[in-house]
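K.L.:
What follows is my_file.txt, compact mmCIF, C-alpha atoms and all ligand atoms.
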# COMPACT_ATOMS: atom_id res chain seq x y z
CA MET A 235 52.34 -42.32 58.20
CA ARG A 236 54.88 -41.38 55.51
CA ALA A 237 54.05 -44.46 53.40
CA TRP A 238 50.35 -43.68 53.62
CA TYR A 239 50.98 -40.10 52.56
CA LEU A 240 53.07 -41.20 49.55
CA ALA A 241 50.41 -43.67 48.46
CA ALA A 242 47.68 -41.03 48.70
CA ALA A 243 49.78 -38.47 46.79
CA CYS A 244 50.50 -40.99 44.07
CA LEU A 245 46.85 -41.94 43.77
CA ALA A 246 45.94 -38.31 43.18
CA ALA A 247 48.77 -37.64 40.77
CA CYS A 248 48.61 -40.91 38.88
CA ALA A 249 44.83 -41.12 38.50
CA HIS A 250 44.84 -39.30 35.17
CA LEU A 251 47.65 -41.55 33.89
CA LEU A 252 45.69 -44.63 34.83
CA LEU A 253 42.73 -43.29 32.85
CA LEU A 254 44.87 -43.26 29.73
CA LEU A 255 45.87 -46.88 30.12
CA PRO A 256 43.47 -49.47 28.74
CA ALA A 257 41.64 -51.59 31.29
CA ALA A 258 42.63 -55.25 31.49
CA GLY A 259 41.60 -57.10 28.34
CA GLN A 260 40.94 -53.88 26.44
CA GLU A 261 43.01 -52.86 23.47
CA ALA A 262 44.76 -49.49 23.47
CA ARG A 263 43.30 -46.91 21.10
CA VAL A 264 45.08 -46.66 17.75
CA SER A 265 46.55 -43.20 17.29
CA TYR A 266 46.71 -41.58 13.85
CA GLN A 267 48.96 -38.78 15.01
CA GLY A 268 51.27 -37.90 12.13
CA ALA A 269 49.15 -39.73 9.55
CA GLN A 270 48.44 -37.59 6.48
CA LEU A 271 45.79 -37.93 3.80
CA LEU A 272 47.46 -37.40 0.42
CA ARG A 273 45.85 -36.92 -2.96
CA LEU A 274 48.09 -38.42 -5.61
CA ALA A 275 48.11 -38.06 -9.37
CA VAL A 276 48.63 -41.65 -10.49
CA LEU A 277 49.28 -41.28 -14.22
CA SER A 278 51.17 -44.39 -15.31
CA GLU A 279 51.23 -48.11 -14.65
CA GLU A 280 54.54 -47.52 -12.88
CA ASP A 281 52.95 -44.96 -10.54
CA ARG A 282 50.18 -47.44 -9.78
CA ARG A 283 52.70 -50.16 -8.93
CA LEU A 284 54.51 -47.77 -6.60
CA VAL A 285 51.30 -47.01 -4.71
CA GLU A 286 50.45 -50.71 -4.52
CA ALA A 287 53.91 -51.45 -3.13
CA LEU A 288 53.48 -48.72 -0.49
CA GLU A 289 50.15 -50.26 0.45
CA GLY A 290 51.64 -53.77 0.57
CA ASP A 291 54.42 -52.55 2.89
CA GLY A 292 51.88 -50.98 5.24
CA ASP A 293 53.04 -47.41 4.57
CA VAL A 294 49.77 -46.18 3.15
CA GLN A 295 46.10 -47.10 3.37
CA ILE A 296 44.17 -46.51 0.16
CA TRP A 297 40.95 -44.57 0.76
CA SER A 298 39.77 -44.23 -2.83
CA GLY A 299 40.64 -44.14 -6.48
CA LEU A 300 43.23 -46.85 -7.02
CA HIS A 301 40.81 -49.23 -8.74
CA GLN A 302 38.68 -46.54 -10.34
CA ASN A 303 39.00 -44.84 -13.72
CA GLY A 304 40.77 -41.53 -13.46
CA SER A 305 44.08 -40.64 -11.95
CA GLU A 306 43.24 -39.27 -8.51
CA VAL A 307 44.10 -41.59 -5.63
CA ASP A 308 43.46 -40.68 -1.99
CA ALA A 309 45.94 -42.49 0.22
CA LEU A 310 46.50 -42.16 3.95
CA ALA A 311 50.21 -42.13 4.75
CA LEU A 312 50.33 -43.92 8.08
CA PRO A 313 52.01 -42.57 11.23
CA GLY A 314 55.76 -42.82 11.01
CA SER A 315 55.68 -43.25 7.21
CA ALA A 316 54.40 -39.88 5.98
CA GLU A 317 57.76 -38.17 5.45
CA ARG A 318 59.31 -41.21 3.75
CA VAL A 319 56.23 -41.72 1.53
CA LYS A 320 56.33 -38.10 0.40
CA GLU A 321 60.07 -38.28 -0.38
CA LEU A 322 59.53 -41.42 -2.39
CA LEU A 323 56.65 -39.84 -4.33
CA GLU A 324 58.80 -36.78 -5.07
CA SER A 325 61.75 -38.82 -6.26
CA SER A 326 59.40 -40.85 -8.46
CA ASN A 327 57.78 -37.68 -9.88
CA VAL A 328 54.33 -38.52 -8.55
CA THR A 329 52.65 -35.22 -7.75
CA TYR A 330 50.52 -35.00 -4.64
CA SER A 331 48.81 -32.61 -2.28
CA VAL A 332 48.26 -32.94 1.45
CA VAL A 333 44.50 -33.02 2.08
CA ILE A 334 44.58 -33.70 5.83
CA GLU A 335 47.69 -32.54 7.69
CA ASP A 336 47.20 -34.72 10.73
CA LEU A 337 44.49 -37.35 10.85
CA GLU A 338 44.46 -37.55 14.65
CA ASP A 339 43.61 -33.82 14.80
CA ALA A 340 40.84 -34.40 12.25
CA ILE A 341 39.47 -37.30 14.32
CA ARG A 342 39.54 -35.14 17.44
CA SER A 343 37.47 -32.39 15.86
CA GLU A 344 35.10 -34.67 13.95
CA ASN A 345 32.68 -35.48 16.73
CA PRO A 346 32.00 -32.92 19.47
CA VAL A 347 30.67 -35.25 22.15
CA PRO A 348 28.06 -33.47 24.27
CA SER A 349 28.45 -33.53 28.06
CA GLU A 350 26.60 -36.12 30.13
CA GLU A 351 24.62 -33.21 31.60
CA GLU A 352 23.40 -32.11 28.16
CA MET A 353 22.52 -35.69 27.27
CA GLN A 354 20.53 -36.18 30.47
CA GLU A 355 18.69 -32.94 29.86
CA LEU A 356 17.86 -34.17 26.34
CA GLU A 357 16.73 -37.55 27.61
CA GLY A 358 14.48 -35.89 30.19
CA ARG A 359 12.96 -33.61 27.56
CA LYS A 360 12.65 -36.01 24.62
CA GLY A 361 12.77 -39.50 26.07
CA HIS A 362 15.88 -40.49 24.10
CA ARG A 363 19.49 -39.42 23.61
CA MET A 364 19.56 -39.17 19.83
CA THR A 365 20.60 -36.01 17.98
CA TRP A 366 21.97 -35.25 14.53
CA TYR A 367 24.61 -32.87 15.86
CA SER A 368 27.05 -35.62 16.72
CA TYR A 369 27.75 -39.26 15.92
CA HIS A 370 26.30 -41.66 18.46
CA ARG A 371 27.30 -44.98 19.98
CA MET A 372 25.29 -48.10 19.21
CA ALA A 373 23.48 -48.09 22.57
CA GLU A 374 22.05 -44.63 21.84
CA VAL A 375 20.94 -45.61 18.34
CA HIS A 376 19.27 -48.77 19.62
CA GLY A 377 17.77 -46.90 22.57
CA TYR A 378 16.24 -44.48 20.09
CA LEU A 379 14.60 -47.31 18.11
CA GLU A 380 13.13 -48.70 21.36
CA TYR A 381 11.85 -45.25 22.28
CA LEU A 382 10.05 -44.97 18.92
CA ALA A 383 8.46 -48.40 19.30
CA GLN A 384 7.21 -47.48 22.78
CA THR A 385 6.01 -44.03 21.80
CA TYR A 386 4.33 -44.95 18.50
CA PRO A 387 3.24 -48.57 19.01
CA LYS A 388 0.68 -48.38 16.19
CA LEU A 389 3.32 -47.28 13.68
CA CYS A 390 6.64 -48.73 14.85
CA SER A 391 8.05 -51.96 16.16
CA VAL A 392 11.59 -53.20 16.83
CA GLN A 393 12.85 -56.67 16.16
CA ALA A 394 16.34 -58.13 16.56
CA ILE A 395 16.86 -60.13 13.38
CA GLY A 396 19.97 -61.82 14.75
CA THR A 397 23.12 -61.11 16.71
CA SER A 398 26.57 -60.00 15.64
CA GLY A 399 29.71 -62.10 16.07
CA GLN A 400 30.28 -60.54 19.49
CA GLY A 401 26.65 -60.90 20.53
CA ARG A 402 25.23 -57.45 19.84
CA PRO A 403 21.63 -57.33 18.56
CA LEU A 404 20.89 -56.46 14.93
CA LYS A 405 17.89 -54.20 15.53
CA VAL A 406 15.45 -53.52 12.72
CA LEU A 407 12.77 -50.85 13.02
CA LYS A 408 9.58 -51.60 11.13
CA ILE A 409 7.46 -48.60 10.20
CA SER A 410 4.05 -49.56 8.94
CA SER A 411 0.68 -47.86 8.66
CA GLY A 412 -0.85 -51.33 9.08
CA LYS A 413 -2.34 -51.82 5.64
CA PRO A 414 -2.37 -55.51 4.73
CA ASN A 415 -0.26 -56.84 1.81
CA SER A 416 1.84 -53.70 1.55
CA ARG A 417 4.97 -53.54 -0.51
CA ALA A 418 8.14 -53.06 1.47
CA ILE A 419 11.41 -51.14 1.34
CA TRP A 420 14.57 -52.25 3.12
CA VAL A 421 17.07 -49.60 4.24
CA ASP A 422 20.37 -50.26 5.98
CA GLY A 423 23.48 -48.49 7.15
CA GLY A 424 26.77 -49.12 8.88
CA ILE A 425 27.82 -52.27 7.04
CA HIS A 426 31.28 -50.70 6.91
CA ALA A 427 32.24 -49.73 10.44
CA ARG A 428 34.13 -46.51 9.75
CA GLU A 429 31.47 -44.93 7.51
CA TRP A 430 29.84 -43.10 10.42
CA ILE A 431 27.74 -40.81 8.26
CA SER A 432 25.72 -43.83 7.14
CA PRO A 433 23.96 -44.80 10.43
CA ALA A 434 23.57 -41.08 11.16
CA VAL A 435 21.71 -40.53 7.88
CA VAL A 436 19.62 -43.68 8.32
CA THR A 437 18.47 -42.59 11.80
CA TYR A 438 17.67 -39.12 10.42
CA ILE A 439 15.44 -40.76 7.78
CA ILE A 440 13.75 -42.77 10.53
CA ASN A 441 13.19 -39.62 12.57
CA GLU A 442 11.62 -37.84 9.60
CA LEU A 443 9.31 -40.73 8.69
CA VAL A 444 8.10 -41.19 12.27
CA GLU A 445 8.36 -37.91 14.18
CA ASN A 446 7.68 -35.72 11.15
CA TYR A 447 5.05 -38.05 9.74
CA GLU A 448 2.81 -35.25 8.40
CA SER A 449 5.48 -34.15 5.94
CA HIS A 450 6.00 -37.66 4.58
CA SER A 451 2.66 -39.38 5.06
CA ASP A 452 2.62 -40.55 1.41
CA ALA A 453 5.87 -42.46 1.92
CA VAL A 454 4.66 -44.02 5.17
CA GLN A 455 1.18 -44.86 3.85
CA ALA A 456 2.41 -46.37 0.61
CA VAL A 457 4.90 -48.96 1.90
CA ASP A 458 6.20 -50.87 4.90
CA TRP A 459 9.72 -49.91 5.95
CA TYR A 460 12.33 -52.25 7.42
CA ILE A 461 15.32 -50.25 8.60
CA LEU A 462 18.57 -51.60 10.07
CA PRO A 463 20.74 -48.59 10.97
CA ILE A 464 23.80 -50.59 12.10
CA VAL A 465 24.50 -53.80 10.16
CA ASN A 466 27.95 -54.15 11.73
CA PRO A 467 27.65 -53.15 15.41
CA ASP A 468 30.90 -54.85 16.49
CA GLY A 469 32.89 -52.95 13.90
CA TYR A 470 31.00 -49.73 14.65
CA GLU A 471 31.72 -49.88 18.37
CA TYR A 472 35.35 -50.76 17.65
CA THR A 473 35.71 -47.58 15.55
CA HIS A 474 34.47 -45.61 18.57
CA THR A 475 36.68 -47.27 21.18
CA THR A 476 39.82 -48.44 19.43
CA ASN A 477 40.43 -47.87 15.73
CA ARG A 478 38.53 -45.10 13.94
CA LEU A 479 39.38 -46.55 10.52
CA TRP A 480 38.19 -50.16 10.98
CA ARG A 481 36.03 -51.39 8.06
CA LYS A 482 35.18 -55.08 8.52
CA ASN A 483 33.33 -56.97 11.24
CA ARG A 484 35.25 -58.23 14.30
CA ARG A 485 35.10 -62.00 14.11
CA SER A 486 38.31 -63.99 14.45
CA ASN A 487 39.45 -65.72 11.29
CA ALA A 488 41.01 -69.15 10.93
CA ASP A 489 44.21 -67.23 10.17
CA SER A 490 44.43 -65.65 13.61
CA ARG A 491 46.85 -62.89 12.52
CA CYS A 492 44.05 -60.79 11.03
CA MET A 493 40.48 -60.22 12.15
CA GLY A 494 37.28 -59.49 10.36
CA VAL A 495 35.39 -60.06 7.15
CA ASP A 496 34.28 -57.33 4.73
CA LEU A 497 30.53 -57.83 5.07
CA ASN A 498 29.98 -56.20 1.69
CA ARG A 499 31.93 -59.04 0.08
CA ASN A 500 30.19 -61.79 2.06
CA PHE A 501 26.73 -61.90 0.44
CA GLY A 502 25.92 -65.09 -1.43
CA TYR A 503 25.60 -63.91 -5.01
CA LYS A 504 28.69 -64.18 -7.25
CA TRP A 505 30.55 -64.55 -3.95
CA GLY A 506 34.36 -64.60 -4.15
CA GLY A 507 34.64 -62.99 -7.60
CA LYS A 508 36.30 -59.77 -8.80
CA GLY A 509 37.21 -57.11 -6.26
CA SER A 510 37.16 -59.45 -3.29
CA SER A 511 39.95 -61.38 -1.59
CA ARG A 512 40.59 -64.72 0.07
CA ASP A 513 43.28 -63.15 2.23
CA PRO A 514 41.90 -62.35 5.73
CA CYS A 515 44.52 -59.63 6.12
CA THR A 516 43.04 -57.48 3.35
CA GLU A 517 40.22 -54.95 3.77
CA ILE A 518 38.13 -56.80 1.15
CA TYR A 519 38.29 -60.30 2.65
CA ALA A 520 35.15 -62.13 1.50
CA GLY A 521 35.02 -64.64 4.39
CA GLN A 522 35.17 -68.43 4.20
CA TYR A 523 32.00 -68.74 2.12
CA GLY A 524 28.93 -66.67 1.19
CA PHE A 525 26.94 -65.74 4.32
CA SER A 526 29.61 -67.16 6.64
CA GLU A 527 29.04 -64.12 8.90
CA PRO A 528 26.13 -63.75 11.33
CA GLU A 529 25.41 -60.17 10.21
CA THR A 530 24.95 -61.01 6.51
CA SER A 531 23.15 -64.28 7.14
CA ALA A 532 20.69 -62.48 9.46
CA ILE A 533 19.77 -60.12 6.61
CA SER A 534 19.26 -62.94 4.12
CA GLY A 535 17.32 -64.96 6.70
CA PHE A 536 15.03 -62.00 7.33
CA LEU A 537 14.45 -60.98 3.71
CA THR A 538 14.24 -64.38 2.02
CA PRO A 539 10.70 -65.12 3.31
CA LYS A 540 9.68 -61.64 2.11
CA ILE A 541 10.74 -62.19 -1.50
CA GLY A 542 8.09 -60.69 -3.73
CA THR A 543 7.03 -58.00 -1.24
CA VAL A 544 10.35 -56.16 -0.89
CA LYS A 545 10.57 -53.84 -3.89
CA ALA A 546 13.54 -51.68 -2.91
CA TYR A 547 16.82 -52.31 -1.08
CA VAL A 548 18.80 -49.20 -0.22
CA THR A 549 22.15 -49.46 1.53
CA PHE A 550 24.04 -46.38 2.69
CA HIS A 551 27.84 -46.14 2.56
CA SER A 552 30.44 -43.42 2.28
CA TYR A 553 32.15 -41.72 0.64
CA GLY A 554 32.29 -40.21 -2.90
CA GLN A 555 28.69 -39.13 -3.67
CA TYR A 556 27.64 -41.99 -5.92
CA PHE A 557 24.21 -43.49 -6.57
CA LEU A 558 24.94 -47.05 -7.67
CA TYR A 559 22.88 -49.90 -9.06
CA PRO A 560 23.79 -53.51 -9.99
CA TRP A 561 25.75 -55.14 -11.11
CA GLY A 562 28.72 -54.67 -8.85
CA TYR A 563 30.39 -58.01 -9.50
CA ASP A 564 31.37 -57.12 -13.07
CA ARG A 565 30.82 -54.58 -15.82
CA VAL A 566 27.52 -56.02 -16.97
CA LEU A 567 23.97 -54.75 -16.51
CA PRO A 568 20.70 -56.37 -15.41
CA PRO A 569 17.95 -56.63 -18.05
CA ASP A 570 15.91 -53.81 -16.45
CA TYR A 571 18.87 -51.48 -15.94
CA LYS A 572 17.09 -48.67 -17.83
CA GLU A 573 14.44 -48.52 -15.13
CA LEU A 574 17.09 -48.63 -12.39
CA ASP A 575 18.92 -45.84 -14.17
CA ARG A 576 15.77 -43.73 -14.62
CA VAL A 577 14.97 -43.86 -10.90
CA ALA A 578 18.64 -43.25 -10.01
CA ARG A 579 18.62 -40.09 -12.12
CA LYS A 580 15.39 -38.86 -10.66
CA ALA A 581 16.72 -39.47 -7.15
CA THR A 582 20.05 -37.76 -7.80
CA GLN A 583 18.20 -34.73 -9.17
CA ALA A 584 16.28 -34.54 -5.92
CA MET A 585 19.55 -34.93 -4.00
CA GLN A 586 21.10 -32.10 -5.95
CA ALA A 587 18.09 -29.92 -5.17
CA ALA A 588 18.60 -30.85 -1.51
CA GLY A 589 22.29 -29.93 -1.60
CA SER A 590 24.87 -31.99 -3.50
CA TYR A 591 25.67 -33.57 -6.81
CA TYR A 592 25.77 -37.39 -6.88
CA THR A 593 26.96 -39.47 -9.84
CA ALA A 594 24.48 -42.15 -10.93
CA GLY A 595 25.53 -45.37 -12.66
CA SER A 596 26.14 -49.07 -12.31
CA SER A 597 28.55 -50.05 -9.52
CA ALA A 598 31.20 -51.90 -11.47
CA THR A 599 31.45 -49.35 -14.27
CA THR A 600 31.08 -46.20 -12.15
CA LEU A 601 33.25 -47.32 -9.22
CA TYR A 602 34.99 -50.70 -9.60
CA PRO A 603 33.97 -54.36 -9.79
CA ALA A 604 33.38 -55.81 -6.31
CA SER A 605 31.49 -59.07 -5.79
CA GLY A 606 29.55 -60.36 -2.83
CA GLY A 607 27.84 -57.00 -2.22
CA SER A 608 24.45 -56.72 -0.54
CA ASP A 609 22.90 -54.83 -3.48
CA ASP A 610 23.81 -57.58 -5.98
CA TRP A 611 22.35 -60.24 -3.69
CA ALA A 612 19.16 -58.18 -3.24
CA LYS A 613 18.75 -57.86 -7.00
CA GLY A 614 20.06 -61.28 -8.05
CA VAL A 615 18.60 -63.55 -5.37
CA ALA A 616 15.98 -61.63 -3.35
CA LYS A 617 14.44 -60.35 -6.61
CA VAL A 618 14.26 -56.77 -5.39
CA LYS A 619 13.40 -54.41 -8.25
CA TYR A 620 15.28 -51.32 -7.06
CA ALA A 621 18.59 -52.22 -5.39
CA TYR A 622 20.86 -49.26 -4.71
CA THR A 623 24.07 -48.44 -2.90
CA ILE A 624 24.29 -44.77 -2.01
CA GLU A 625 27.79 -43.48 -1.27
CA LEU A 626 27.14 -40.38 0.82
CA ARG A 627 29.32 -37.27 1.26
CA ASP A 628 31.89 -36.12 0.75
CA LYS A 629 34.12 -36.14 -2.33
CA GLY A 630 37.37 -36.46 -0.41
CA ARG A 631 37.96 -33.29 1.61
CA TYR A 632 37.31 -35.23 4.84
CA GLY A 633 36.59 -38.71 3.48
CA PHE A 634 35.55 -41.07 6.27
CA ILE A 635 36.21 -38.40 8.93
CA LEU A 636 33.28 -36.19 7.92
CA PRO A 637 32.70 -33.65 10.72
CA ALA A 638 29.39 -34.00 12.54
CA ASN A 639 28.10 -30.63 11.36
CA TYR A 640 27.67 -32.26 7.92
CA ILE A 641 25.22 -34.87 9.25
CA ILE A 642 22.06 -32.84 8.69
CA PRO A 643 22.93 -31.47 5.23
CA THR A 644 23.97 -34.97 4.09
CA ALA A 645 20.89 -36.57 5.65
CA LYS A 646 18.60 -34.18 3.77
CA GLU A 647 20.06 -35.57 0.55
CA GLY A 648 19.55 -39.16 1.74
CA LEU A 649 15.94 -38.39 2.66
CA ALA A 650 15.29 -36.80 -0.75
CA ALA A 651 16.58 -39.96 -2.45
CA ILE A 652 14.56 -42.31 -0.27
CA LYS A 653 11.36 -40.38 -0.93
CA ILE A 654 11.79 -40.71 -4.70
CA ILE A 655 12.40 -44.46 -4.33
CA ALA A 656 9.27 -44.84 -2.19
CA GLN A 657 7.24 -42.93 -4.80
CA GLU A 658 8.49 -45.24 -7.53
CA VAL A 659 7.74 -48.36 -5.48
CA ALA A 660 4.21 -47.08 -4.91
CA ARG A 661 3.82 -46.63 -8.68
CA LEU A 662 4.93 -50.16 -9.58
CA LYS A 663 2.36 -52.39 -11.23
O1 LIG B 1 33.39 -51.38 -2.01
C1 LIG B 1 32.29 -51.32 -1.45
O2 LIG B 1 31.84 -52.21 -0.75
C2 LIG B 1 31.42 -50.05 -1.63
N1 LIG B 1 32.25 -48.87 -1.53
S1 LIG B 1 32.90 -48.44 -0.08
O3 LIG B 1 33.84 -47.37 -0.32
N2 LIG B 1 31.76 -47.84 0.86
O4 LIG B 1 33.48 -49.59 0.54
C3 LIG B 1 30.75 -50.10 -2.98
C4 LIG B 1 29.84 -51.27 -3.19
C5 LIG B 1 29.07 -51.23 -4.48
N3 LIG B 1 28.31 -52.44 -4.70
C6 LIG B 1 28.86 -53.58 -5.20
N4 LIG B 1 30.05 -53.59 -5.70
N5 LIG B 1 28.11 -54.64 -5.22
ZN ZN B 2 31.17 -48.87 2.48
Once you've parsed the file, please lay out its structure as structure tokens.
P.N.:
Amino acid sequence: MRAWYLAAACLAACAHLLLLLPAAGQEARVSYQGAQLLRLAVLSEEDRRLVEALEGDGDVQIWSGLHQNGSEVDALALPGSAERVKELLESSNVTYSVVIEDLEDAIRSENPVPSEEEMQELEGRKGHRMTWYSYHRMAEVHGYLEYLAQTYPKLCSVQAIGTSGQGRPLKVLKISSGKPNSRAIWVDGGIHAREWISPAVVTYIINELVENYESHSDAVQAVDWYILPIVNPDGYEYTHTTNRLWRKNRRSNADSRCMGVDLNRNFGYKWGGKGSSRDPCTEIYAGQYGFSEPETSAISGFLTPKIGTVKAYVTFHSYGQYFLYPWGYDRVLPPDYKELDRVARKATQAMQAAGSYYTAGSSATTLYPASGGSDDWAKGVAKVKYAYTIELRDKGRYGFILPANYIIPTAKEGLAAIKIIAQEVARLK
């Protein structure tokens, strides 16, 4: 009797503890409690070396700036290192400010997850669980694409163009008014797992083109759309369950210490050049060879037969508010860069009218050289006229942890850009 009572009491009391422990085979969630986002003024070569050493020792994670022109570097001082990093910066006369006091707090307030009750009510009312008030898991994004295909079968269809390393489908939504021989535009998001604003903006664009068709009928009539909201579903899910700041995909490497390939270094044009790494433990690991990863090879397999019809390739990333065109592999420009630049400027004007200022320019000169990017492959191999990488909001206040209430304002800017690109594609000779 007594033993039974103790067991029952423990079950009740310990249940919440058990919930915190990961289930068998599952990794524990990475906590960023005590991690601080610092903005550093890196003025000299010596300062730069200090920051690189801190990164090499695993004390900081660079978020932006170190390989760009200008002196501002955003670096996340990792849990347990923040106080020591700040002391070292002070003793080395590197000035800094604290942008995010505690990253775990920021993560906690980023995404107000609605209750299951609210979601069920939404599903009953709308037939899907998608909103632009919070960031959604892959299953909800994919469920939304299926809902559109079922609801608008004349306009929309869904196709899995391949599967990720862990077997998740790479779902593309095609939006087409059905005109034969139409030109096409490719749009993707979520190649980098932690850039949550990207799939959110891409699904917003989808929603506008389909559910708000009357407002954008020109864009839908003029071209066929192929839209892949989550290029890297394994990484994306991992940022939801385990490590909010994961960037790469989740395939095991030959060097089993470190997982994942940077998919935006794995495309097969100028693969393995500047701004990419052969070291699997870096964030910019290019993989064993160009298109070694299922996610990138699915995109090339899908688009290669469409060469000649795809006139624009737009890939959404974050953050920094940049509108970038090739080349990314080095500081050189394609022969028609003036036309790329003209459309970039027109699009950024529309984005500014919709809300925010974006800097237009070529990738390598505006940001930094980085080879093996999807945009360079689209331009260099798939012969896509307008290849753009759009780095969405913000400019560093929240960085990757952009609170969900910024989804709609940011998405309005993305939509404004996409509409200009569609207009220009329609005008092509
Ligand atoms: O480094 C990248 O892959 C992109 N920036 S991010 O902060 N989202 O990681 C920029 C890619 C620009 N395009 C090329 N370099 N090809
Ligand atoms: Zn990115």
K.L.:
Could you please extract the residues within 7 Å of ligand LIG 1 (chain B), counting only C-alpha atoms and all ligand atoms, and hand them back as a ChimeraX atom specification?
P.N.:
/A:426,498-499,551-553,558,560-563,597-598,602-610,623,625
K.L.:
So, with all atoms listed in the file as the atoms that count, which of A:Gln260, A:Ser596, A:Gln555, A:Thr582 lies closest to ligand ZN 2 (chain B)?
P.N.:
A:Gln555
K.L.:
Using all atoms of region 263-275 of chain A that appear in the file, construct an axis-aligned enclosing box with 6 Å of padding on every side and provide its centre coordinates and edge lengths in Å, rounded to one decimal, as lines of an AutoDock Vina configuration file.
P.N.:
center_x = 47.3
center_y = -41.9
center_z = 5.9
size_x = 20.0
size_y = 22.0
size_z = 42.5
K.L.:
Using all atoms listed in the file, which of A:Tyr447, A:Tyr369, A:Tyr330, A:Trp430 sits nearest Val276 (chain A)?
P.N.:
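That would be A:Tyr330, the residue with the smallest distance to Val276 (chain A).
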K.L.:
Determine the nearest neighbour of ligand ZN 2 (chain B) from the options A:Arg282, A:Lys482, A:His450, A:Lys508, counting all atoms listed in the file.
P.N.:
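With all atoms listed in the file as the atom set, the closest residue is A:Lys482.
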K.L.:
Go ahead and compute the interatomic distance for CA of Glu350 (chain A) and CA of Tyr367 (chain A), in Å to one decimal.
P.N.:
14.8 Å
K.L.:
What is the CA of Cys515 (chain A)-CA of Gly535 (chain A) distance in Å, reported with one decimal?
P.N.:
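Answer for the CA of Cys515 (chain A) to CA of Gly535 (chain A) separation: 27.7 Å.
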K.L.:
Between A:Lys360, A:Arg428, A:Arg565, A:Lys629, which is the closest to ligand ZN 2 (chain B) once you count all atoms listed in the file?
P.N.:
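Among the listed residues, A:Arg428 lies closest to ligand ZN 2 (chain B).
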K.L.:
Could you add whatever atoms are missing so that region 418-431 of chain A carries N, CA and C atoms, then write the result as an mmCIF file, in the frame of the given file?
P.N.:
data_model
loop_
_atom_site.group_PDB
_atom_site.id
_atom_site.type_symbol
_atom_site.label_atom_id
_atom_site.label_comp_id
_atom_site.auth_asym_id
_atom_site.auth_seq_id
_atom_site.Cartn_x
_atom_site.Cartn_y
_atom_site.Cartn_z
ATOM 1 N N ALA A 418 7.186 -53.469 0.438
ATOM 2 C CA ALA A 418 8.140 -53.060 1.470
ATOM 3 C C ALA A 418 9.428 -52.501 0.871
ATOM 4 N N ILE A 419 10.086 -51.669 1.684
ATOM 5 C CA ILE A 419 11.410 -51.140 1.340
ATOM 6 C C ILE A 419 12.361 -51.458 2.489
ATOM 7 N N TRP A 420 13.505 -52.001 2.140
ATOM 8 C CA TRP A 420 14.570 -52.250 3.120
ATOM 9 C C TRP A 420 15.590 -51.128 3.041
ATOM 10 N N VAL A 421 16.007 -50.617 4.194
ATOM 11 C CA VAL A 421 17.070 -49.600 4.240
ATOM 12 C C VAL A 421 18.086 -50.043 5.279
ATOM 13 N N ASP A 422 19.366 -49.975 4.947
ATOM 14 C CA ASP A 422 20.370 -50.260 5.980
ATOM 15 C C ASP A 422 21.529 -49.299 5.949
ATOM 16 N N GLY A 423 22.293 -49.333 7.035
ATOM 17 C CA GLY A 423 23.480 -48.490 7.150
ATOM 18 C C GLY A 423 24.527 -49.204 7.991
ATOM 19 N N GLY A 424 25.725 -48.646 7.970
ATOM 20 C CA GLY A 424 26.770 -49.120 8.880
ATOM 21 C C GLY A 424 27.268 -50.518 8.604
ATOM 22 N N ILE A 425 27.228 -50.951 7.350
ATOM 23 C CA ILE A 425 27.820 -52.270 7.040
ATOM 24 C C ILE A 425 29.347 -52.156 7.149
ATOM 25 N N HIS A 426 29.856 -50.995 6.725
ATOM 26 C CA HIS A 426 31.280 -50.700 6.910
ATOM 27 C C HIS A 426 31.435 -49.823 8.151
ATOM 28 N N ALA A 427 32.204 -50.334 9.096
ATOM 29 C CA ALA A 427 32.240 -49.730 10.440
ATOM 30 C C ALA A 427 32.605 -48.253 10.441
ATOM 31 N N ARG A 428 33.597 -47.877 9.643
ATOM 32 C CA ARG A 428 34.130 -46.510 9.750
ATOM 33 C C ARG A 428 33.276 -45.457 9.040
ATOM 34 N N GLU A 429 32.263 -45.875 8.299
ATOM 35 C CA GLU A 429 31.470 -44.930 7.510
ATOM 36 C C GLU A 429 30.356 -44.350 8.390
ATOM 37 N N TRP A 430 30.755 -43.576 9.369
ATOM 38 C CA TRP A 430 29.840 -43.100 10.420
ATOM 39 C C TRP A 430 28.660 -42.317 9.888
ATOM 40 N N ILE A 431 28.844 -41.629 8.766
ATOM 41 C CA ILE A 431 27.740 -40.810 8.260
ATOM 42 C C ILE A 431 26.535 -41.693 7.897
#
